[in-house]
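Heads up, model.pdb below (PDB, C-alpha atoms, pLDDT in the B column):
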ATOM      1  CA  MET A1403      13.762  18.156  12.675  1.00 44.00           C
ATOM      2  CA  SER A1404      12.880  21.648  11.530  1.00 43.00           C
ATOM      3  CA  ARG A1405      14.045  24.671  13.480  1.00 43.00           C
ATOM      4  CA  THR A1406      11.943  27.755  13.927  1.00 42.00           C
ATOM      5  CA  ALA A1407      13.776  30.953  13.045  1.00 43.00           C
ATOM      6  CA  LEU A1408      13.733  33.863  15.444  1.00 49.00           C
ATOM      7  CA  ALA A1409      12.066  37.087  14.414  1.00 45.00           C
ATOM      8  CA  VAL A1410      14.987  39.518  14.353  1.00 50.00           C
ATOM      9  CA  PRO A1411      15.537  43.064  13.101  1.00 57.00           C
ATOM     10  CA  PHE A1412      16.151  42.893   9.348  1.00 54.00           C
ATOM     11  CA  PHE A1413      19.310  44.938   8.839  1.00 64.00           C
ATOM     12  CA  PHE A1414      20.172  43.739   5.327  1.00 60.00           C
ATOM     13  CA  GLY A1415      17.552  45.995   3.759  1.00 48.00           C
ATOM     14  CA  ASP A1416      14.262  44.969   2.203  1.00 39.00           C
ATOM     15  CA  ALA A1417      14.878  41.975  -0.040  1.00 39.00           C
ATOM     16  CA  LYS A1418      11.541  42.582  -1.767  1.00 37.00           C
ATOM     17  CA  THR A1419      12.891  45.740  -3.368  1.00 33.00           C
ATOM     18  CA  ARG A1420      15.980  44.111  -4.845  1.00 39.00           C
ATOM     19  CA  ALA A1421      16.179  42.044  -8.032  1.00 37.00           C
ATOM     20  CA  CYS A1422      17.548  38.581  -7.397  1.00 40.00           C
ATOM     21  CA  PRO A1423      17.920  35.576  -9.717  1.00 38.00           C
ATOM     22  CA  ARG A1424      15.541  32.740  -8.907  1.00 41.00           C
ATOM     23  CA  ILE A1425      16.467  29.092  -9.317  1.00 39.00           C
ATOM     24  CA  ALA A1426      13.684  26.549  -9.393  1.00 38.00           C
ATOM     25  CA  GLY A1427      13.579  24.663  -6.112  1.00 42.00           C
ATOM     26  CA  GLY A1428      15.850  27.192  -4.412  1.00 46.00           C
ATOM     27  CA  TRP A1429      19.621  27.173  -3.904  1.00 42.00           C
ATOM     28  CA  ARG A1430      19.795  24.224  -1.497  1.00 45.00           C
ATOM     29  CA  GLY A1431      20.767  21.019  -3.264  1.00 42.00           C
ATOM     30  CA  PHE A1432      21.803  22.913  -6.388  1.00 42.00           C
ATOM     31  CA  SER A1433      25.499  22.789  -7.306  1.00 39.00           C
ATOM     32  CA  ARG A1434      27.022  26.019  -6.032  1.00 53.00           C
ATOM     33  CA  VAL A1435      29.309  26.187  -9.044  1.00 38.00           C
ATOM     34  CA  ARG A1436      26.392  25.787 -11.434  1.00 39.00           C
ATOM     35  CA  ALA A1437      24.305  28.202  -9.380  1.00 54.00           C
ATOM     36  CA  MET A1438      27.037  30.830  -9.497  1.00 54.00           C
ATOM     37  CA  LEU A1439      27.458  30.421 -13.244  1.00 41.00           C
ATOM     38  CA  ALA A1440      23.714  30.738 -13.745  1.00 46.00           C
ATOM     39  CA  ALA A1441      23.595  33.837 -11.588  1.00 50.00           C
ATOM     40  CA  LEU A1442      26.551  35.431 -13.364  1.00 48.00           C
ATOM     41  CA  LEU A1443      24.913  34.741 -16.710  1.00 40.00           C
ATOM     42  CA  TRP A1444      21.721  36.311 -15.365  1.00 48.00           C
ATOM     43  CA  LEU A1445      23.648  39.378 -14.296  1.00 47.00           C
ATOM     44  CA  GLY A1446      25.332  39.614 -17.673  1.00 46.00           C
ATOM     45  CA  GLY A1447      21.954  39.702 -19.395  1.00 41.00           C
ATOM     46  CA  ALA A1448      20.304  41.944 -16.831  1.00 41.00           C
ATOM     47  CA  MET A1449      22.981  44.623 -16.594  1.00 40.00           C
ATOM     48  CA  PRO A1450      23.641  46.545 -19.825  1.00 42.00           C
ATOM     49  CA  ALA A1451      27.176  47.735 -20.447  1.00 39.00           C
ATOM     50  CA  ARG A1452      27.770  51.271 -19.271  1.00 40.00           C
ATOM     51  CA  ALA A1453      28.787  53.750 -21.892  1.00 38.00           C
ATOM     52  CA  ASP A1454      31.457  55.146 -19.580  1.00 40.00           C
ATOM     53  CA  ALA A1455      32.841  51.749 -18.555  1.00 39.00           C
ATOM     54  CA  PRO A1456      36.582  51.146 -19.070  1.00 42.00           C
ATOM     55  CA  GLY A1457      37.210  49.874 -22.569  1.00 40.00           C
ATOM     56  CA  ALA A1458      34.152  51.677 -23.960  1.00 41.00           C
ATOM     57  CA  GLY A1459      36.068  54.664 -25.250  1.00 43.00           C
ATOM     58  CA  HIS A1460      36.883  56.192 -21.865  1.00 42.00           C
ATOM     59  CA  PRO A1461      39.732  55.468 -19.447  1.00 42.00           C
ATOM     60  CA  ALA A1462      38.896  54.036 -16.028  1.00 41.00           C
ATOM     61  CA  GLN A1463      37.979  56.746 -13.545  1.00 42.00           C
ATOM     62  CA  SER A1464      39.431  56.846 -10.073  1.00 40.00           C
ATOM     63  CA  GLY A1465      39.436  59.394  -7.301  1.00 42.00           C
ATOM     64  CA  PRO A1466      38.000  60.270  -3.920  1.00 42.00           C
ATOM     65  CA  ALA A1467      34.417  59.631  -5.076  1.00 48.00           C
ATOM     66  CA  SER A1468      35.233  55.959  -5.750  1.00 63.00           C
ATOM     67  CA  THR A1469      35.885  55.260  -2.054  1.00 74.00           C
ATOM     68  CA  PRO A1470      33.208  56.444   0.407  1.00 80.00           C
ATOM     69  CA  ASP A1471      34.503  58.316   3.456  1.00 90.00           C
ATOM     70  CA  LEU A1472      33.196  56.293   6.390  1.00 94.00           C
ATOM     71  CA  SER A1473      34.754  58.640   8.939  1.00 94.00           C
ATOM     72  CA  ALA A1474      32.946  61.688   7.564  1.00 96.00           C
ATOM     73  CA  LEU A1475      29.602  59.902   7.291  1.00 97.00           C
ATOM     74  CA  THR A1476      29.951  58.497  10.810  1.00 97.00           C
ATOM     75  CA  ALA A1477      30.660  61.958  12.198  1.00 97.00           C
ATOM     76  CA  GLN A1478      27.655  63.383  10.366  1.00 97.00           C
ATOM     77  CA  LEU A1479      25.426  60.619  11.747  1.00 97.00           C
ATOM     78  CA  ALA A1480      26.553  61.331  15.319  1.00 97.00           C
ATOM     79  CA  ALA A1481      25.742  65.009  14.787  1.00 97.00           C
ATOM     80  CA  ALA A1482      22.374  64.510  13.046  1.00 97.00           C
ATOM     81  CA  THR A1483      19.560  66.557  14.558  1.00 96.00           C
ATOM     82  CA  SER A1484      16.527  64.907  12.935  1.00 96.00           C
ATOM     83  CA  ARG A1485      15.302  61.410  12.235  1.00 96.00           C
ATOM     84  CA  ALA A1486      15.075  62.174   8.501  1.00 97.00           C
ATOM     85  CA  ALA A1487      18.714  63.267   8.329  1.00 97.00           C
ATOM     86  CA  ALA A1488      19.795  60.217  10.334  1.00 97.00           C
ATOM     87  CA  ALA A1489      17.852  57.826   8.072  1.00 97.00           C
ATOM     88  CA  ASP A1490      19.578  59.253   5.005  1.00 97.00           C
ATOM     89  CA  LEU A1491      23.004  58.889   6.599  1.00 97.00           C
ATOM     90  CA  GLU A1492      22.233  55.365   7.809  1.00 97.00           C
ATOM     91  CA  ALA A1493      21.427  54.344   4.222  1.00 97.00           C
ATOM     92  CA  ARG A1494      24.577  56.016   2.885  1.00 97.00           C
ATOM     93  CA  LEU A1495      26.712  54.261   5.479  1.00 97.00           C
ATOM     94  CA  GLU A1496      25.216  50.891   4.551  1.00 97.00           C
ATOM     95  CA  ARG A1497      26.065  51.513   0.890  1.00 96.00           C
ATOM     96  CA  ALA A1498      29.557  52.656   1.829  1.00 96.00           C
ATOM     97  CA  ARG A1499      30.203  49.562   3.928  1.00 97.00           C
ATOM     98  CA  ARG A1500      29.156  47.328   1.010  1.00 96.00           C
ATOM     99  CA  HIS A1501      31.168  49.340  -1.519  1.00 95.00           C
ATOM    100  CA  ALA A1502      34.066  46.859  -1.590  1.00 94.00           C
ATOM    101  CA  LEU A1503      31.931  43.753  -2.199  1.00 97.00           C
ATOM    102  CA  SER A1504      32.730  41.899  -5.410  1.00 97.00           C
ATOM    103  CA  PRO A1505      29.911  40.964  -7.832  1.00 97.00           C
ATOM    104  CA  THR A1506      30.075  37.320  -6.724  1.00 97.00           C
ATOM    105  CA  THR A1507      29.928  38.263  -3.053  1.00 97.00           C
ATOM    106  CA  ARG A1508      26.972  40.545  -3.744  1.00 97.00           C
ATOM    107  CA  LEU A1509      25.113  37.638  -5.323  1.00 97.00           C
ATOM    108  CA  LEU A1510      25.713  35.491  -2.262  1.00 97.00           C
ATOM    109  CA  GLN A1511      24.611  38.328   0.019  1.00 96.00           C
ATOM    110  CA  ARG A1512      21.419  38.798  -2.007  1.00 96.00           C
ATOM    111  CA  GLY A1513      20.795  35.070  -1.765  1.00 96.00           C
ATOM    112  CA  ALA A1514      21.164  35.338   2.014  1.00 97.00           C
ATOM    113  CA  MET A1515      18.680  38.217   2.068  1.00 95.00           C
ATOM    114  CA  ALA A1516      16.192  36.167   0.089  1.00 96.00           C
ATOM    115  CA  HIS A1517      16.634  33.178   2.407  1.00 96.00           C
ATOM    116  CA  LEU A1518      16.070  35.340   5.494  1.00 96.00           C
ATOM    117  CA  ALA A1519      12.986  36.907   3.939  1.00 95.00           C
ATOM    118  CA  ASP A1520      11.664  33.371   3.298  1.00 96.00           C
ATOM    119  CA  GLY A1521      12.423  32.255   6.860  1.00 95.00           C
ATOM    120  CA  LYS A1522      15.308  29.995   5.753  1.00 96.00           C
ATOM    121  CA  ALA A1523      17.961  31.157   8.180  1.00 97.00           C
ATOM    122  CA  LEU A1524      20.293  28.183   7.710  1.00 97.00           C
ATOM    123  CA  GLY A1525      20.323  28.805   3.959  1.00 97.00           C
ATOM    124  CA  ALA A1526      21.321  32.419   4.655  1.00 97.00           C
ATOM    125  CA  VAL A1527      24.143  31.230   6.919  1.00 97.00           C
ATOM    126  CA  GLU A1528      25.440  28.948   4.149  1.00 97.00           C
ATOM    127  CA  ASP A1529      25.411  31.770   1.602  1.00 97.00           C
ATOM    128  CA  LEU A1530      27.320  34.019   3.982  1.00 98.00           C
ATOM    129  CA  ASP A1531      29.795  31.247   4.803  1.00 97.00           C
ATOM    130  CA  ASP A1532      30.688  31.271   1.108  1.00 97.00           C
ATOM    131  CA  ALA A1533      30.781  35.072   0.979  1.00 97.00           C
ATOM    132  CA  LEU A1534      33.244  35.143   3.870  1.00 97.00           C
ATOM    133  CA  VAL A1535      35.487  32.628   2.123  1.00 97.00           C
ATOM    134  CA  LEU A1536      35.709  35.108  -0.752  1.00 97.00           C
ATOM    135  CA  GLN A1537      36.059  38.339   1.257  1.00 97.00           C
ATOM    136  CA  PRO A1538      36.850  37.644   4.930  1.00 97.00           C
ATOM    137  CA  ASP A1539      38.247  41.145   5.475  1.00 96.00           C
ATOM    138  CA  VAL A1540      34.909  42.911   4.849  1.00 97.00           C
ATOM    139  CA  ALA A1541      33.474  43.615   8.291  1.00 97.00           C
ATOM    140  CA  ILE A1542      29.852  43.922   7.236  1.00 97.00           C
ATOM    141  CA  LEU A1543      29.762  40.308   6.022  1.00 98.00           C
ATOM    142  CA  TRP A1544      30.511  39.147   9.572  1.00 98.00           C
ATOM    143  CA  ARG A1545      27.639  41.307  10.791  1.00 98.00           C
ATOM    144  CA  ASP A1546      25.383  39.856   8.088  1.00 98.00           C
ATOM    145  CA  ARG A1547      26.203  36.302   9.130  1.00 98.00           C
ATOM    146  CA  ALA A1548      25.627  37.219  12.775  1.00 98.00           C
ATOM    147  CA  GLN A1549      22.124  38.319  11.824  1.00 97.00           C
ATOM    148  CA  ALA A1550      21.512  35.050   9.996  1.00 97.00           C
ATOM    149  CA  ARG A1551      22.852  33.069  12.957  1.00 98.00           C
ATOM    150  CA  LEU A1552      20.588  34.976  15.325  1.00 96.00           C
ATOM    151  CA  ALA A1553      17.629  34.054  13.121  1.00 96.00           C
ATOM    152  CA  ALA A1554      18.803  30.421  13.239  1.00 96.00           C
ATOM    153  CA  ARG A1555      18.964  30.590  17.088  1.00 96.00           C
ATOM    154  CA  ASP A1556      22.742  30.230  17.071  1.00 97.00           C
ATOM    155  CA  LEU A1557      23.340  32.942  19.656  1.00 97.00           C
ATOM    156  CA  THR A1558      26.916  31.862  20.394  1.00 97.00           C
ATOM    157  CA  GLY A1559      27.796  32.014  16.707  1.00 97.00           C
ATOM    158  CA  ALA A1560      26.126  35.403  16.369  1.00 98.00           C
ATOM    159  CA  ILE A1561      28.148  36.805  19.281  1.00 97.00           C
ATOM    160  CA  ALA A1562      31.371  35.429  17.784  1.00 98.00           C
ATOM    161  CA  ASP A1563      30.664  36.970  14.374  1.00 98.00           C
ATOM    162  CA  LEU A1564      29.774  40.325  15.914  1.00 98.00           C
ATOM    163  CA  GLY A1565      33.044  40.243  17.832  1.00 97.00           C
ATOM    164  CA  VAL A1566      34.918  40.032  14.533  1.00 98.00           C
ATOM    165  CA  ALA A1567      32.697  42.643  12.857  1.00 98.00           C
ATOM    166  CA  LEU A1568      33.169  45.168  15.654  1.00 98.00           C
ATOM    167  CA  GLN A1569      36.884  44.494  15.922  1.00 97.00           C
ATOM    168  CA  ARG A1570      37.168  45.444  12.243  1.00 97.00           C
ATOM    169  CA  ASP A1571      34.610  48.290  12.313  1.00 97.00           C
ATOM    170  CA  GLY A1572      33.834  49.466  15.824  1.00 97.00           C
ATOM    171  CA  ARG A1573      31.859  52.485  14.559  1.00 97.00           C
ATOM    172  CA  ASP A1574      29.140  50.379  12.929  1.00 98.00           C
ATOM    173  CA  ALA A1575      26.001  51.411  14.807  1.00 98.00           C
ATOM    174  CA  VAL A1576      23.992  48.627  13.166  1.00 97.00           C
ATOM    175  CA  ALA A1577      26.420  45.995  14.474  1.00 98.00           C
ATOM    176  CA  TRP A1578      26.053  47.394  18.010  1.00 98.00           C
ATOM    177  CA  ARG A1579      22.281  47.407  17.539  1.00 97.00           C
ATOM    178  CA  LEU A1580      22.368  43.764  16.497  1.00 97.00           C
ATOM    179  CA  LEU A1581      24.637  42.910  19.430  1.00 98.00           C
ATOM    180  CA  SER A1582      22.079  44.477  21.768  1.00 97.00           C
ATOM    181  CA  ALA A1583      19.366  42.304  20.197  1.00 96.00           C
ATOM    182  CA  VAL A1584      21.486  39.150  20.613  1.00 97.00           C
ATOM    183  CA  GLU A1585      22.283  39.933  24.256  1.00 97.00           C
ATOM    184  CA  GLU A1586      18.574  40.537  24.843  1.00 96.00           C
ATOM    185  CA  GLN A1587      17.805  37.090  23.428  1.00 94.00           C
ATOM    186  CA  ARG A1588      20.442  35.639  25.761  1.00 95.00           C
ATOM    187  CA  GLY A1589      18.822  37.384  28.711  1.00 95.00           C
ATOM    188  CA  ASP A1590      21.925  39.459  29.504  1.00 96.00           C
ATOM    189  CA  TRP A1591      20.123  42.753  29.975  1.00 96.00           C
ATOM    190  CA  GLN A1592      23.136  44.688  31.202  1.00 96.00           C
ATOM    191  CA  ALA A1593      25.168  43.699  28.133  1.00 97.00           C
ATOM    192  CA  ALA A1594      22.196  44.580  25.923  1.00 97.00           C
ATOM    193  CA  GLU A1595      21.917  47.985  27.598  1.00 97.00           C
ATOM    194  CA  ARG A1596      25.664  48.659  27.234  1.00 97.00           C
ATOM    195  CA  ALA A1597      25.531  47.803  23.534  1.00 97.00           C
ATOM    196  CA  TRP A1598      22.548  50.128  23.106  1.00 97.00           C
ATOM    197  CA  GLN A1599      24.514  52.960  24.701  1.00 97.00           C
ATOM    198  CA  ARG A1600      27.058  52.514  21.915  1.00 97.00           C
ATOM    199  CA  VAL A1601      24.243  52.674  19.374  1.00 98.00           C
ATOM    200  CA  MET A1602      23.053  55.973  20.841  1.00 97.00           C
ATOM    201  CA  ALA A1603      26.561  57.429  20.852  1.00 97.00           C
ATOM    202  CA  LEU A1604      26.983  56.647  17.154  1.00 98.00           C
ATOM    203  CA  ASP A1605      23.398  57.268  16.006  1.00 98.00           C
ATOM    204  CA  PRO A1606      21.537  59.432  18.553  1.00 97.00           C
ATOM    205  CA  MET A1607      18.549  59.834  16.218  1.00 97.00           C
ATOM    206  CA  VAL A1608      18.099  56.070  15.688  1.00 96.00           C
ATOM    207  CA  ASP A1609      14.449  55.075  15.408  1.00 94.00           C
ATOM    208  CA  GLY A1610      13.033  54.406  18.886  1.00 93.00           C
ATOM    209  CA  GLY A1611      16.442  55.001  20.408  1.00 94.00           C
ATOM    210  CA  ARG A1612      15.602  56.688  23.689  1.00 93.00           C
ATOM    211  CA  ALA A1613      12.558  54.532  24.430  1.00 95.00           C
ATOM    212  CA  ASN A1614      14.493  51.329  23.811  1.00 95.00           C
ATOM    213  CA  GLY A1615      17.371  52.563  25.944  1.00 95.00           C
ATOM    214  CA  GLU A1616      15.016  53.237  28.855  1.00 94.00           C
ATOM    215  CA  ARG A1617      13.369  49.827  28.426  1.00 95.00           C
ATOM    216  CA  LEU A1618      16.739  48.060  28.494  1.00 95.00           C
ATOM    217  CA  HIS A1619      17.945  50.111  31.468  1.00 94.00           C
ATOM    218  CA  LEU A1620      14.815  49.196  33.407  1.00 94.00           C
ATOM    219  CA  LYS A1621      15.334  45.497  32.587  1.00 93.00           C
ATOM    220  CA  ALA A1622      19.009  45.666  33.501  1.00 93.00           C
ATOM    221  CA  PHE A1623      18.842  47.729  36.693  1.00 91.00           C
ATOM    222  CA  GLY A1624      15.192  47.730  37.761  1.00 87.00           C
ATOM    223  CA  ARG A1625      14.851  51.497  37.784  1.00 71.00           C
ATOM    224  CA  PRO A1626      14.273  54.140  35.117  1.00 63.00           C
ATOM    225  CA  THR A1627      17.071  56.393  33.882  1.00 55.00           C
TER
END

What is this structure when it is put down as structure tokens?
Amino acid sequence: MSRTALAVPFFFGDAKTRACPRIAGGWRGFSRVRAMLAALLWLGGAMPARADAPGAGHPAQSGPASTPDLSALTAQLAAATSRAAAADLEARLERARRHALSPTTRLLQRGAMAHLADGKALGAVEDLDDALVLQPDVAILWRDRAQARLAARDLTGAIADLGVALQRDGRDAVAWRLLSAVEEQRGDWQAAERAWQRVMALDPMVDGGRANGERLHLKAFGRPT
């Protein structure tokens, strides 16, 4: 029996703007090993070798720029004074949190994005299951799977994944935002409001932040702030 996916905030980014290999008939039912090989071959043809890549006449470069400073970006986001500045920092933090993903994990994450965009939440969960086998220590993958589980109406699974994500990265405003959305779906308005307070502490210029906080407070306590 088919299951209708929930409409949830899409925190992965817009899948329509990202190139992604297509396999006729989709990923389901297609050997994952063969699918991965096909995708890796696609990447090899789609991504030209960089002139400054190691082995191309230049030594490998390393230094502070190779590892984004999450602490500095988080502090800047909390101190942002405009929505435009906050939006820029939100995007930079998302890139920083995905910095450590391997090429194979990125392919699986893109597949999950495509599945969510197509309304195939269970397919997204499967892709992220595989991604977490490869890189279980990357907090944002747990958040990604929580989003997919929310779309698949697995609220208990989403809460469990967000618990892991926030234990590993408690300053992830997007994870707190997603937790608020899950608690709202569960009907626990006080928990949703508490999670939103954490969002506002980390990202005070978040889009619709104050209005949503007041809405949740009214639902939770029956009176405006």

Write out as a tab-separated table the residues of range 1530-1582 of chain A that have any atom within 12 Å of an atom of range 1471-1476 of chain A, one row each with the nearest atom pair and its distance in Å to one decimal, counting only C-alpha atoms, sorted by chain and then rising number.
residue	atom	partner	partner_atom	distance
A:Asp1571	CA	A:Leu1472	CA	10.1
A:Gly1572	CA	A:Thr1476	CA	11.0
A:Arg1573	CA	A:Thr1476	CA	7.3
A:Asp1574	CA	A:Thr1476	CA	8.4
A:Ala1575	CA	A:Thr1476	CA	9.0
A:Val1576	CA	A:Thr1476	CA	11.8

* Asked: Pick from A:Leu1510, A:Leu1543, A:Ala1554, A:Ala1498: nearest to Leu1524 in chain A, with all atoms listed in the file counted?
  -> A:Ala1554

* Asked: Near Gln1592 in chain A, counting all atoms listed in the file, which residues have an atom at most 10 Å away, once you skip same-chain residues fewer than 3 positions from it, shown as number ranges by chain?
  -> A: 1582, 1585-1586, 1589, 1595-1598, 1618-1623

* Structure fact -> Counting all atoms listed in the file, the residue among A:His1517, A:Arg1555, A:Arg1508, A:Arg1499 that lies closest to Val1540 in chain A is A:Arg1499

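Using only C-alpha atoms, the smallest distance between any of A:Leu1495, A:Leu1552, A:Met1602, A:Ala1613 and Leu1580 in chain A comes from A:Leu1552.
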
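By chain and then residue number, the residues within 7 Å of Arg1551 in chain A are Val1527, Leu1557, Gly1559 and Ala1560 of chain A, counting all atoms listed in the file and disregarding those fewer than 6 positions away in sequence.
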
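Straight-line separation from CA of Ala1486 in chain A to CA of Gln1587 in chain A: 29.3 Å.
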
* Structure fact -> From CA of Thr1469 in chain A to CA of Leu1604 in chain A the spacing works out at 21.2 Å

* Atomic separation - CA of Ala1488 in chain A relative to CA of Trp1591 in chain A, Å -> 26.3 Å
